[in-house]
Structures are given as structure tokens and as C-alpha cells.
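Next up, my_file-v3.tsv (TSV, C-alpha atoms):
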```tsv
chain	number	residue	atom	x	y	z
V	1177	MET	CA	-1.46	26.68	-5.02
V	1178	ILE	CA	-4.46	28.94	-5.43
V	1179	ARG	CA	-5.98	29.39	-8.83
V	1180	THR	CA	-8.84	31.56	-10.03
V	1181	ILE	CA	-11.91	29.96	-11.57
V	1182	GLU	CA	-14.23	32.25	-13.56
V	1183	LEU	CA	-17.83	31.26	-13.02
V	1184	LYS	CA	-20.38	33.92	-13.96
V	1185	GLU	CA	-22.84	31.49	-12.46
V	1186	THR	CA	-26.05	32.96	-11.17
V	1187	VAL	CA	-26.61	32.50	-7.48
V	1188	THR	CA	-29.83	30.70	-8.16
V	1189	ALA	CA	-28.24	28.12	-10.49
V	1190	SER	CA	-28.43	25.23	-8.03
V	1191	ASN	CA	-32.08	26.03	-7.30
V	1192	ASP	CA	-32.83	26.28	-11.03
V	1193	ARG	CA	-31.55	22.73	-11.50
V	1194	ASP	CA	-33.59	21.41	-8.54
V	1195	ALA	CA	-36.67	23.17	-9.88
V	1196	ALA	CA	-36.32	21.73	-13.38
V	1197	GLU	CA	-35.99	18.24	-11.91
V	1198	LEU	CA	-39.05	18.68	-9.69
V	1199	ARG	CA	-41.08	19.98	-12.66
V	1200	ARG	CA	-40.15	16.91	-14.72
V	1201	GLU	CA	-41.18	14.58	-11.90
V	1202	LEU	CA	-44.52	16.32	-11.37
V	1203	THR	CA	-45.24	16.26	-15.09
V	1204	ALA	CA	-44.56	12.53	-15.15
V	1205	ARG	CA	-47.00	12.06	-12.25
V	1206	GLY	CA	-49.66	14.23	-13.90
V	1207	LEU	CA	-49.65	16.80	-11.13
V	1208	PHE	CA	-49.98	20.45	-12.19
V	1209	LEU	CA	-48.23	22.89	-9.84
V	1210	VAL	CA	-49.24	26.57	-9.81
V	1211	ASN	CA	-47.06	29.12	-8.02
V	1212	LEU	CA	-49.00	32.16	-6.79
V	1213	THR	CA	-47.13	35.30	-5.83
V	1214	SER	CA	-48.29	38.69	-4.64
V	1215	ALA	CA	-47.83	41.39	-2.06
V	1216	PRO	CA	-49.37	40.76	1.37
V	1217	GLY	CA	-53.09	41.47	1.48
V	1218	SER	CA	-53.76	41.13	-2.25
V	1219	GLY	CA	-56.46	38.54	-1.70
V	1220	LYS	CA	-54.52	35.38	-2.59
V	1221	THR	CA	-56.28	33.20	-0.07
V	1222	THR	CA	-59.70	34.55	-1.07
V	1223	LEU	CA	-58.96	33.97	-4.76
V	1224	ILE	CA	-57.78	30.42	-4.05
V	1225	SER	CA	-60.85	29.68	-1.90
V	1226	ARG	CA	-63.21	30.85	-4.63
V	1227	THR	CA	-61.32	28.95	-7.32
V	1228	VAL	CA	-61.32	25.75	-5.27
V	1229	SER	CA	-65.08	26.06	-4.65
V	1230	ASP	CA	-65.87	26.82	-8.29
V	1231	LEU	CA	-63.85	23.88	-9.59
V	1232	ILE	CA	-65.02	21.22	-7.12
V	1233	GLY	CA	-65.99	18.14	-9.08
V	1234	ARG	CA	-63.88	19.14	-12.09
V	1235	VAL	CA	-60.33	19.01	-10.74
V	1236	ARG	CA	-58.99	17.92	-7.38
V	1237	ILE	CA	-57.08	20.86	-5.95
V	1238	GLY	CA	-54.68	20.92	-3.02
V	1239	VAL	CA	-53.19	24.03	-1.49
V	1240	MET	CA	-49.82	24.67	0.11
V	1241	GLU	CA	-49.77	27.89	2.07
V	1242	ALA	CA	-46.28	29.23	2.63
V	1243	ASP	CA	-46.02	31.69	5.43
V	1244	ILE	CA	-43.32	32.86	7.71
V	1245	ALA	CA	-45.10	31.67	10.82
V	1246	SER	CA	-48.91	31.39	11.11
V	1247	ASP	CA	-51.45	28.77	9.97
V	1248	VAL	CA	-54.38	31.14	9.55
V	1249	ASP	CA	-54.56	30.65	5.77
V	1250	ALA	CA	-54.41	26.84	5.75
V	1251	LYS	CA	-57.34	26.71	8.17
V	1252	LYS	CA	-59.47	28.79	5.78
V	1253	ILE	CA	-58.70	26.45	2.89
V	1254	ALA	CA	-59.24	23.30	4.97
V	1255	ALA	CA	-62.69	24.64	5.85
V	1256	LEU	CA	-63.61	24.18	2.16
V	1257	GLY	CA	-62.72	20.49	2.34
V	1258	ALA	CA	-59.65	20.84	0.13
V	1259	ALA	CA	-56.35	19.21	1.01
V	1260	SER	CA	-54.12	21.87	2.47
V	1261	ILE	CA	-50.86	22.19	4.29
V	1262	GLN	CA	-49.15	25.12	5.96
V	1263	LEU	CA	-45.47	25.49	5.22
V	1264	HIS	CA	-43.38	27.58	7.52
V	1265	THR	CA	-40.38	29.15	5.89
V	1266	ASP	CA	-38.84	29.98	9.28
V	1267	GLY	CA	-38.30	33.58	8.42
V	1268	MET	CA	-37.23	33.04	4.81
V	1269	CYS	CA	-38.90	35.42	2.41
V	1270	HIS	CA	-39.47	32.98	-0.46
V	1271	MET	CA	-40.05	29.32	-1.31
V	1272	ASP	CA	-37.36	27.49	-3.24
V	1273	ALA	CA	-37.58	24.19	-5.10
V	1274	GLY	CA	-36.26	22.12	-2.17
V	1275	MET	CA	-38.86	23.57	0.20
V	1276	THR	CA	-41.60	23.02	-2.38
V	1277	ARG	CA	-40.56	19.39	-2.80
V	1278	ALA	CA	-40.62	18.90	0.98
V	1279	GLY	CA	-44.08	20.48	1.15
V	1280	LEU	CA	-45.46	18.25	-1.60
V	1281	ALA	CA	-44.20	15.19	0.28
V	1282	GLY	CA	-46.67	16.11	3.02
V	1283	MET	CA	-49.65	16.31	0.62
V	1284	PRO	CA	-51.84	13.44	-0.62
V	1285	THR	CA	-50.60	14.15	-4.15
V	1286	GLY	CA	-51.79	10.81	-5.51
V	1287	ASP	CA	-55.37	12.07	-5.07
V	1288	LEU	CA	-54.79	15.52	-6.58
V	1289	ASP	CA	-54.71	17.02	-10.08
V	1290	VAL	CA	-53.61	20.56	-9.24
V	1291	VAL	CA	-51.62	22.02	-6.36
V	1292	PHE	CA	-51.57	25.74	-5.64
V	1293	LEU	CA	-48.46	26.97	-3.92
V	1294	GLU	CA	-49.28	30.21	-2.18
V	1295	ASN	CA	-45.84	31.75	-1.98
V	1296	VAL	CA	-44.75	34.18	0.74
V	1297	GLY	CA	-46.41	37.58	0.32
V	1298	ASN	CA	-43.57	39.47	-1.29
V	1299	LEU	CA	-42.91	40.63	-4.86
V	1300	ILE	CA	-39.12	40.60	-4.86
V	1301	CYS	CA	-37.51	37.41	-3.58
V	1302	PRO	CA	-40.05	34.85	-4.90
V	1303	ALA	CA	-39.42	36.20	-8.41
V	1304	GLU	CA	-35.84	35.01	-8.26
V	1305	PHE	CA	-36.42	31.48	-7.04
V	1306	ASP	CA	-38.01	28.90	-9.34
V	1307	THR	CA	-40.22	26.65	-7.23
V	1308	GLY	CA	-40.60	23.96	-9.89
V	1309	ALA	CA	-44.13	25.13	-10.72
V	1310	HIS	CA	-45.55	24.68	-14.22
V	1311	VAL	CA	-47.07	28.15	-14.27
V	1312	ASN	CA	-46.40	31.29	-12.27
V	1313	VAL	CA	-49.35	33.49	-11.51
V	1314	MET	CA	-49.07	36.93	-10.01
V	1315	ILE	CA	-51.94	38.50	-8.11
V	1316	LEU	CA	-52.33	42.26	-7.96
V	1317	SER	CA	-55.23	43.87	-6.15
V	1318	VAL	CA	-56.91	47.04	-7.32
V	1319	PRO	CA	-56.03	49.06	-4.18
V	1320	GLU	CA	-52.31	48.43	-4.78
V	1321	GLY	CA	-52.37	50.58	-7.90
V	1322	ASP	CA	-51.75	50.18	-11.62
V	1323	ASP	CA	-48.08	51.21	-11.35
V	1324	LYS	CA	-46.90	47.94	-9.73
V	1325	PRO	CA	-45.25	46.71	-12.97
V	1326	LEU	CA	-42.98	49.75	-12.84
V	1327	LYS	CA	-41.92	48.96	-9.29
V	1328	TYR	CA	-41.49	45.19	-9.44
V	1329	PRO	CA	-40.58	44.43	-13.05
V	1330	LEU	CA	-38.96	41.04	-12.45
V	1331	MET	CA	-42.12	39.52	-10.99
V	1332	PHE	CA	-44.10	40.58	-14.05
V	1333	GLN	CA	-41.43	39.18	-16.36
V	1334	LYS	CA	-41.52	35.80	-14.62
V	1335	SER	CA	-45.31	35.44	-14.48
V	1336	ASP	CA	-47.46	33.61	-17.04
V	1337	ALA	CA	-50.63	35.27	-15.85
V	1338	LEU	CA	-51.61	38.36	-13.91
V	1339	VAL	CA	-54.83	38.18	-11.93
V	1340	VAL	CA	-56.10	41.61	-10.93
V	1341	THR	CA	-58.26	41.04	-7.84
V	1342	LYS	CA	-60.85	43.12	-6.00
V	1343	THR	CA	-62.30	44.65	-9.17
V	1344	ASP	CA	-65.47	45.30	-7.15
V	1345	ALA	CA	-63.42	48.00	-5.39
V	1346	ALA	CA	-62.45	49.69	-8.68
V	1347	PRO	CA	-64.96	52.55	-8.36
V	1348	TYR	CA	-63.14	53.73	-5.23
V	1349	PHE	CA	-59.63	53.70	-6.66
V	1350	ASP	CA	-58.15	55.35	-9.73
V	1351	PHE	CA	-57.09	52.01	-11.17
V	1352	ASP	CA	-56.45	52.05	-14.90
V	1353	PHE	CA	-56.89	48.50	-16.28
V	1354	ALA	CA	-55.57	49.48	-19.72
V	1355	ALA	CA	-52.46	51.02	-18.16
V	1356	VAL	CA	-51.67	48.00	-15.99
V	1357	THR	CA	-52.09	45.69	-18.97
V	1358	ARG	CA	-49.89	47.88	-21.15
V	1359	ARG	CA	-47.18	48.11	-18.47
V	1360	ALA	CA	-47.26	44.38	-17.77
V	1361	ARG	CA	-47.07	43.52	-21.48
V	1362	ALA	CA	-44.19	45.94	-22.03
V	1363	LEU	CA	-42.25	43.72	-19.64
V	1364	ASN	CA	-43.76	40.43	-20.73
V	1365	PRO	CA	-45.70	40.43	-24.02
V	1366	GLY	CA	-47.16	36.95	-23.45
V	1367	ILE	CA	-48.67	37.55	-20.01
V	1368	ALA	CA	-52.38	36.74	-19.69
V	1369	VAL	CA	-54.36	39.32	-17.70
V	1370	PHE	CA	-57.55	38.49	-15.77
V	1371	PRO	CA	-59.50	41.15	-13.86
V	1372	VAL	CA	-61.56	39.31	-11.24
V	1373	SER	CA	-63.64	39.81	-8.15
V	1374	ALA	CA	-63.58	36.72	-5.96
V	1375	LYS	CA	-66.34	38.39	-3.97
V	1376	THR	CA	-68.88	38.83	-6.77
V	1377	GLY	CA	-67.49	36.12	-9.04
V	1378	GLU	CA	-66.99	38.57	-11.90
V	1379	GLY	CA	-64.19	37.43	-14.24
V	1380	MET	CA	-63.56	34.20	-12.31
V	1381	ARG	CA	-64.67	32.04	-15.22
V	1382	ALA	CA	-62.00	33.36	-17.62
V	1383	TRP	CA	-59.24	32.81	-15.06
V	1384	GLU	CA	-60.44	29.30	-14.24
V	1385	ASP	CA	-60.78	28.39	-17.91
V	1386	TRP	CA	-57.21	29.56	-18.51
V	1387	LEU	CA	-55.98	27.46	-15.60
V	1388	LEU	CA	-57.76	24.33	-16.83
V	1389	ALA	CA	-56.56	24.94	-20.38
V	1390	GLU	CA	-52.95	25.35	-19.24
V	1391	ARG	CA	-53.18	22.09	-17.37
V	1392	LYS	CA	-54.78	20.27	-20.28
V	1393	ARG	CA	-52.54	21.79	-22.91
V	1394	GLY	CA	-49.63	20.08	-21.21
V	1395	ARG	CA	-47.69	23.26	-21.62
V	1396	HIS	CA	-45.71	21.91	-18.70
V	1397	ALA	CA	-44.93	18.64	-20.43
H	138	MET	CA	-34.08	38.10	5.58
H	139	HIS	CA	-33.47	37.63	1.90
H	140	GLU	CA	-29.69	37.51	2.38
H	141	LEU	CA	-29.80	34.39	4.56
H	142	GLY	CA	-31.46	32.39	1.81
H	143	ILE	CA	-29.14	33.82	-0.81
H	144	VAL	CA	-26.02	32.82	1.12
H	145	LYS	CA	-27.37	29.28	1.48
H	146	HIS	CA	-27.89	29.16	-2.29
H	147	VAL	CA	-24.43	30.59	-2.95
H	148	ILE	CA	-22.87	27.87	-0.80
H	149	GLN	CA	-24.95	25.16	-2.48
H	150	THR	CA	-23.86	26.44	-5.88
H	151	LEU	CA	-20.22	26.50	-4.74
H	152	HIS	CA	-20.50	22.85	-3.74
H	153	ASP	CA	-21.79	22.00	-7.20
H	154	VAL	CA	-18.97	24.00	-8.77
H	155	ALA	CA	-16.39	22.33	-6.50
H	156	LYS	CA	-17.55	18.91	-7.63
H	157	GLU	CA	-17.42	19.94	-11.26
H	158	HIS	CA	-13.93	21.46	-11.07
H	159	ASP	CA	-12.47	18.99	-8.54
H	160	VAL	CA	-11.93	21.75	-5.99
H	161	ARG	CA	-10.51	20.85	-2.57
H	162	ARG	CA	-10.88	24.20	-0.84
H	163	ILE	CA	-12.16	27.64	-1.76
H	164	GLY	CA	-9.90	30.57	-0.87
H	165	SER	CA	-12.19	33.46	-1.78
H	166	VAL	CA	-15.48	34.17	-3.52
H	167	THR	CA	-16.27	37.22	-5.66
H	168	LEU	CA	-19.90	38.18	-6.28
H	169	GLU	CA	-21.27	40.66	-8.78
H	170	VAL	CA	-24.24	42.46	-7.25
H	171	GLY	CA	-26.45	44.84	-9.22
H	172	GLU	CA	-27.23	48.18	-7.56
H	173	VAL	CA	-30.94	47.40	-7.69
H	174	SER	CA	-30.78	43.63	-7.11
H	175	GLY	CA	-32.47	44.17	-3.75
H	176	VAL	CA	-29.56	42.64	-1.90
H	177	VAL	CA	-28.19	44.43	1.15
H	178	THR	CA	-24.47	43.77	0.84
H	179	GLU	CA	-23.63	44.40	4.52
H	180	GLN	CA	-26.18	41.77	5.56
H	181	LEU	CA	-24.92	39.44	2.87
H	182	VAL	CA	-21.38	39.63	4.27
H	183	ASP	CA	-22.65	39.08	7.83
H	184	CYS	CA	-24.57	35.97	6.73
H	185	TRP	CA	-21.58	34.75	4.77
H	186	ASN	CA	-19.24	35.18	7.74
H	187	TYR	CA	-21.64	33.14	9.84
H	188	PHE	CA	-22.17	30.31	7.35
H	189	ARG	CA	-18.60	29.98	6.07
H	190	GLU	CA	-17.49	28.71	9.49
H	191	LYS	CA	-20.02	25.88	9.27
H	192	ASP	CA	-18.84	24.62	5.93
H	193	GLU	CA	-15.53	22.86	5.29
H	194	LEU	CA	-15.30	23.91	1.65
H	195	VAL	CA	-15.48	27.67	2.27
H	196	ARG	CA	-14.20	27.93	5.85
H	197	GLY	CA	-12.42	31.24	6.37
H	198	ALA	CA	-12.90	32.35	2.75
H	199	PRO	CA	-13.50	36.09	2.37
H	200	LEU	CA	-16.45	37.30	0.30
H	201	TYR	CA	-15.68	40.09	-2.18
H	202	ILE	CA	-18.50	42.10	-3.70
H	203	GLU	CA	-18.33	44.04	-6.96
H	204	THR	CA	-21.23	46.40	-7.57
H	205	VAL	CA	-22.77	46.63	-11.04
H	206	GLU	CA	-24.29	50.01	-11.91
H	207	ALA	CA	-28.01	50.03	-12.69
H	208	VAL	CA	-28.92	51.48	-16.09
H	209	THR	CA	-32.45	52.13	-17.39
H	210	PHE	CA	-33.65	52.45	-20.99
H	211	CYS	CA	-36.35	54.92	-21.96
H	212	THR	CA	-38.72	53.65	-24.65
H	213	ALA	CA	-39.95	57.17	-25.41
H	214	CYS	CA	-36.65	58.91	-26.26
H	215	GLU	CA	-34.54	55.73	-26.58
H	216	GLY	CA	-31.95	57.16	-24.20
H	217	THR	CA	-30.28	55.39	-21.27
H	218	TYR	CA	-29.69	56.82	-17.81
H	219	LYS	CA	-28.50	55.92	-14.30
H	220	THR	CA	-31.33	54.21	-12.43
H	221	VAL	CA	-30.43	54.96	-8.83
H	222	PRO	CA	-30.66	58.79	-8.82
H	223	ASN	CA	-33.57	58.90	-11.31
H	224	GLY	CA	-35.79	55.88	-10.67
H	225	LYS	CA	-38.38	55.07	-13.30
H	226	THR	CA	-38.67	58.61	-14.70
H	227	CYS	CA	-36.36	59.42	-17.61
H	228	PRO	CA	-34.26	62.53	-16.77
H	229	LEU	CA	-33.86	63.22	-20.51
H	230	CYS	CA	-37.52	63.44	-21.55
H	231	GLY	CA	-39.62	62.87	-18.42
H	232	SER	CA	-41.31	59.68	-19.65
H	233	THR	CA	-42.07	56.85	-17.22
H	234	GLU	CA	-42.24	54.21	-19.96
H	235	THR	CA	-38.82	52.88	-19.09
H	236	TYR	CA	-37.23	49.57	-18.25
H	237	LEU	CA	-34.10	48.37	-16.56
H	238	LEU	CA	-31.24	47.28	-18.81
H	239	GLN	CA	-28.81	46.08	-16.14
H	240	GLY	CA	-28.25	46.25	-12.43
H	241	ASN	CA	-30.74	43.75	-11.01
H	242	ALA	CA	-28.54	40.70	-11.51
H	243	PHE	CA	-26.64	38.84	-8.91
H	244	SER	CA	-24.00	36.29	-9.79
H	245	ILE	CA	-20.89	34.51	-8.61
H	246	LYS	CA	-18.17	36.07	-10.73
H	247	GLN	CA	-15.22	33.94	-9.69
H	248	ILE	CA	-13.62	31.93	-6.93
H	249	GLU	CA	-10.06	31.32	-5.89
H	250	ALA	CA	-9.56	27.65	-5.19
H	251	GLU	CA	-7.18	24.77	-4.60
H	252	LEU	CA	-7.84	21.70	-6.67
H	253	ASN	CA	-7.57	18.13	-5.45
H	254	THR	CA	-4.80	17.66	-7.99
H	255	ASP	CA	-2.76	20.52	-6.50
H	256	PRO	CA	0.02	19.52	-4.07
H	257	PRO	CA	-0.82	20.18	-0.39
H	258	GLN	CA	0.11	23.75	0.55
H	259	ASN	CA	2.46	22.98	3.43
H	260	ALA	CA	4.15	20.01	1.78
```

Could you quickly redo this structure as C-alpha cells?
Amino acid sequence: MIRTIELKETVTASNDRDAAELRRELTARGLFLVNLTSAPGSGKTTLISRTVSDLIGRVRIGVMEADIASDVDAKKIAALGAASIQLHTDGMCHMDAGMTRAGLAGMPTGDLDVVFLENVGNLICPAEFDTGAHVNVMILSVPEGDDKPLKYPLMFQKSDALVVTKTDAAPYFDFDFAAVTRRARALNPGIAVFPVSAKTGEGMRAWEDWLLAERKRGRHA
Amino acid sequence: MHELGIVKHVIQTLHDVAKEHDVRRIGSVTLEVGEVSGVVTEQLVDCWNYFREKDELVRGAPLYIETVEAVTFCTACEGTYKTVPNGKTCPLCGSTETYLLQGNAFSIKQIEAELNTDPPQNA
């Protein structure tokens, strides 16, 4: 006998449960996990490198670099003396909670306060899969344009903060900071917006203060 | 290859559902896929047909896909319109201050299944 069972269950339901469990465990261990998403070439690795350098001595940061194949990014981070690991997704376009858990198992997490997960460079799939992170941060670089929120609304809805990188390049692009903020907040009124240049250091302080405050506030608890 | 990961998650979710409902075998799976969910349905079916043969619970089960139309809301004129032919620009007033109301979701609508409490089919 065949019967019909109505589900209306989202495809990501099993991942959502795994992610919630991972988040609880990390909170209990006092480890703050930050998921970073962006398009390829937005300057994620440069932003992370600068943030790690600026915060040395204040928080112990580890970095997990998710990439489809290479280990170029992990080498750059390791050069700073920070714990880092390269995760290969074997062609998958996003990290899920199970992969994040497996990656963390390879990190010296007992000696860390904060772990950055540099998700695969892609603005679609990572938005749909909760990694178990406490905060989701989206990075948008000035050359990509201020209309990104119109093209990838889900990623803006899921992000707690938007870091606009490469502001030193703003004079060369018609990038409207007010417009990007307005468009992002139309999708997500609570999103924090930080224009930064990891090259000159401009704006880095506000972003780093937010990060430390989020960790301290125990928003994730 | 977004679809590969999605099919793995669908199968994982079906295992959870099977446990919950005491399902012995799944006969078919129906998905609801939004027009702008970013999922390529042909690839999804190919991945499904590959994975279903590796999994006892869903072996041989066909995958049915129902498409959900994408609809966008315009904050300027408060009208709604079809997303796919118009994109982010409202065809009613020309504003680009618009947002999607539906059509990006992706869910398992229903399954056909045999329960462990059902008598065996060829008994």
C-alpha cells in the first residue's frame, strides 16, 4: 500500500538542524564562528588578513578557507602566523554544517576565540545553507557595484553585516554608498554596514569593534 | 554543481522524515521549485537519478517537480508583477525598488511511501 505524506519541508531542513546543534556546541565551548560570504575576488582573504593582524594580542583567530580546489588562500593566512586550514569542497558550491563541523575538527579550537569560515566565493548557494556560524558577514567590493542587493537579495537577507571593501577604489567607480545601504536595509533593516579599505586601514576599526562586540555580547548564546 | 549538494540534502531530509513517519520505502518524491530558486531542474533530476540507485530508501523512486511562479512586489506603486519576464524593474511604473514575494523557495511538497506497519506488497 502506497500512501501520500504531505511534508512542505524545506530541502535544507536537515542541514538547519545540524547547524543549530553545531552553534549550541560552539557557544558552550566559547568559540565564536563567523561565516564570510562574497563573490569571487571581493577581497575576502585580504580583509581577513588585515583583521587578523589588527587583532593579534586581543583575540586568537583561526581561519578556515573553503575552496573548490586550491590552497592559495590558506598559505596567505598561515604566513601571518594564524591557525588556518584549507577545506576542499570537492566541487560543491557551498559549505554546509556537516562540512563546517569536519573542518573545525581539524583546527586547534581549544586555543582559539574566533574562527572565520571563508565560504566558497558565490552569492547564491551559501545563502541557503546555514553553516552553524554565530554571525553571517557578507563582503561586497566597490568594483562590483551598488546594485548587488537587487541581484542577490537572499544573501543580504541572511547577513548580519555587510562589509564594503576596496573603498580606496571608490573614486574610479560610480559606487553610491547611500544607495547600497538603502537597498541592503530594504531587504534587511538590521544589517550593519561597514565601508572599509583593508589596504589603507580606513574603516577597519568600526568593523573590528563590531566583531568584538558581537562576540562579547553573546548574541550567539 | 549546486544540484548535487541539493540532492544530497533532499535524501538526508527524506531519511529524517522516514524515521519520523516509520516509512519503509519511498515510492515517489514531489518537489516545489521556485522559478528563481536558482535550481536547474534538468540537472536536479539527473543527480537524483544517480543518487536514488545508491540509497535503499528511495531506490527507483521518480522525482516530480512542480514549478512555483516568481512574483515581485513594487514598493513604489505597490503593484505585483511576474518576475521572470520583467526582472527587478516594475513594468507598471518603472521603479527598481522592488522585492521578490515568492518564487525563490525550494521545498519537498510530498512523498508517496509505504510504512513499516503496511503489509508487504506481494504478500

Take CA of Ala1374 (chain V) and CA of Lys1392 (chain V) and report the distance between them in Å, one decimal.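 Going from CA of Ala1374 (chain V) over to CA of Lys1392 (chain V) covers 23.5 Å.
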
Using all atoms listed in the file, which residues sit within 12 Å of Val1372 (chain V) once same-chain residues fewer than 3 positions away are excluded, as JSON, numbers by chain? {"V": [1219, 1220, 1222, 1223, 1226, 1227, 1315, 1316, 1317, 1318, 1338, 1339, 1340, 1341, 1342, 1343, 1344, 1345, 1346, 1353, 1369, 1375, 1376, 1377, 1378, 1379, 1380, 1381, 1382, 1383, 1384]}

Write out the residues from the selection above, keeping C-alpha atoms, as a CSV table (one decimal), in the coordinates of the input.
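And here's selection-v6.csv as it stands now:
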```csv
chain,number,residue,atom,x,y,z
V,1219,GLY,CA,-56.5,38.5,-1.7
V,1220,LYS,CA,-54.5,35.4,-2.6
V,1222,THR,CA,-59.7,34.6,-1.1
V,1223,LEU,CA,-59.0,34.0,-4.8
V,1226,ARG,CA,-63.2,30.8,-4.6
V,1227,THR,CA,-61.3,29.0,-7.3
V,1315,ILE,CA,-51.9,38.5,-8.1
V,1316,LEU,CA,-52.3,42.3,-8.0
V,1317,SER,CA,-55.2,43.9,-6.2
V,1318,VAL,CA,-56.9,47.0,-7.3
V,1338,LEU,CA,-51.6,38.4,-13.9
V,1339,VAL,CA,-54.8,38.2,-11.9
V,1340,VAL,CA,-56.1,41.6,-10.9
V,1341,THR,CA,-58.3,41.0,-7.8
V,1342,LYS,CA,-60.8,43.1,-6.0
V,1343,THR,CA,-62.3,44.6,-9.2
V,1344,ASP,CA,-65.5,45.3,-7.2
V,1345,ALA,CA,-63.4,48.0,-5.4
V,1346,ALA,CA,-62.4,49.7,-8.7
V,1353,PHE,CA,-56.9,48.5,-16.3
V,1369,VAL,CA,-54.4,39.3,-17.7
V,1375,LYS,CA,-66.3,38.4,-4.0
V,1376,THR,CA,-68.9,38.8,-6.8
V,1377,GLY,CA,-67.5,36.1,-9.0
V,1378,GLU,CA,-67.0,38.6,-11.9
V,1379,GLY,CA,-64.2,37.4,-14.2
V,1380,MET,CA,-63.6,34.2,-12.3
V,1381,ARG,CA,-64.7,32.0,-15.2
V,1382,ALA,CA,-62.0,33.4,-17.6
V,1383,TRP,CA,-59.2,32.8,-15.1
V,1384,GLU,CA,-60.4,29.3,-14.2
```

Please find the residues of chain H near chain V - the criterion being any atom within 9 Å, counting all atoms listed in the file - and write them as an NGL selection string. :H and (138-139 or 141-144 or 146-151 or 153-154 or 158 or 163-164 or 168-169 or 175 or 225 or 233-237 or 241-252 or 255-258)

If you count all atoms listed in the file, the residue of H:Val173, H:Ala155, H:Cys184, H:Ala213 closest to Glu140 (chain H) turns out to be H:Cys184

Separation of CA of Arg1358 (chain V) from CA of Thr209 (chain H) in Å: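 Distance between the two atoms: 18.3 Å.
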
In Å to one decimal, how far is CA of Leu1256 (chain V) from CA of Ser1225 (chain V)? 7.4 Å

Which one is closest to Thr217 (chain H): H:Ser232, H:Thr178, H:Thr167, H:Asn253? Count all atoms listed in the file.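 Counting all atoms listed in the file, the residue closest to Thr217 (chain H) is H:Ser232.
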
Which polymer residues have any atom within 10 Å of an atom of Val195 (chain H), counting only C-alpha atoms, with same-chain residues fewer than 3 positions away left out, as a PDB file with C-alpha atoms, in the frame of the given file?
```pdb
ATOM      1  CA  ILE H 148     -22.870  27.870  -0.800  1.00  0.00           C
ATOM      2  CA  LEU H 151     -20.220  26.500  -4.740  1.00  0.00           C
ATOM      3  CA  HIS H 152     -20.500  22.850  -3.740  1.00  0.00           C
ATOM      4  CA  ARG H 161     -10.510  20.850  -2.570  1.00  0.00           C
ATOM      5  CA  ARG H 162     -10.880  24.200  -0.840  1.00  0.00           C
ATOM      6  CA  ILE H 163     -12.160  27.640  -1.760  1.00  0.00           C
ATOM      7  CA  GLY H 164      -9.900  30.570  -0.870  1.00  0.00           C
ATOM      8  CA  SER H 165     -12.190  33.460  -1.780  1.00  0.00           C
ATOM      9  CA  VAL H 166     -15.480  34.170  -3.520  1.00  0.00           C
ATOM     10  CA  TRP H 185     -21.580  34.750   4.770  1.00  0.00           C
ATOM     11  CA  PHE H 188     -22.170  30.310   7.350  1.00  0.00           C
ATOM     12  CA  ARG H 189     -18.600  29.980   6.070  1.00  0.00           C
ATOM     13  CA  GLU H 190     -17.490  28.710   9.490  1.00  0.00           C
ATOM     14  CA  LYS H 191     -20.020  25.880   9.270  1.00  0.00           C
ATOM     15  CA  ASP H 192     -18.840  24.620   5.930  1.00  0.00           C
ATOM     16  CA  ALA H 198     -12.900  32.350   2.750  1.00  0.00           C
ATOM     17  CA  PRO H 199     -13.500  36.090   2.370  1.00  0.00           C
ATOM     18  CA  LEU H 200     -16.450  37.300   0.300  1.00  0.00           C
ATOM     19  CA  ALA H 250      -9.560  27.650  -5.190  1.00  0.00           C
TER      20      ALA H 250
END
```

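Residues in contact with Asp1336 (chain V) at 6 Å, where only C-alpha atoms are counted and same-chain residues fewer than 4 positions away are skipped, are listed as Asn1312, Val1313 and Ile1367 of chain V.
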
Of V:Leu1299, V:Met1314, V:Ala1278, V:Met1283, the one sitting nearest Ala1215 (chain V) when using all atoms listed in the file is V:Leu1299

Residues near region 228-231 of chain H, cut-off 9 Å, all atoms listed in the file, skip fewer than 4 positions along chain, as a PDB file with C-alpha atoms, keeping the file's coordinate frame:
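Output contents, as saved in result.pdb:
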```pdb
ATOM      1  CA  CYS H 211     -36.350  54.920 -21.960  1.00  0.00           C
ATOM      2  CA  ALA H 213     -39.950  57.170 -25.410  1.00  0.00           C
ATOM      3  CA  CYS H 214     -36.650  58.910 -26.260  1.00  0.00           C
ATOM      4  CA  GLY H 216     -31.950  57.160 -24.200  1.00  0.00           C
ATOM      5  CA  THR H 217     -30.280  55.390 -21.270  1.00  0.00           C
ATOM      6  CA  TYR H 218     -29.690  56.820 -17.810  1.00  0.00           C
ATOM      7  CA  ASN H 223     -33.570  58.900 -11.310  1.00  0.00           C
TER       8      ASN H 223
END
```

Box for region 1333-1336 of chain V - axis-aligned, 5 Å on each of the six sides, all listed atoms - centre and size in Å to one decimal, as JSON.
```
{"center_x": -44.4, "center_y": 36.4, "center_z": -15.8, "size_x": 16.0, "size_y": 15.6, "size_z": 12.6}
```
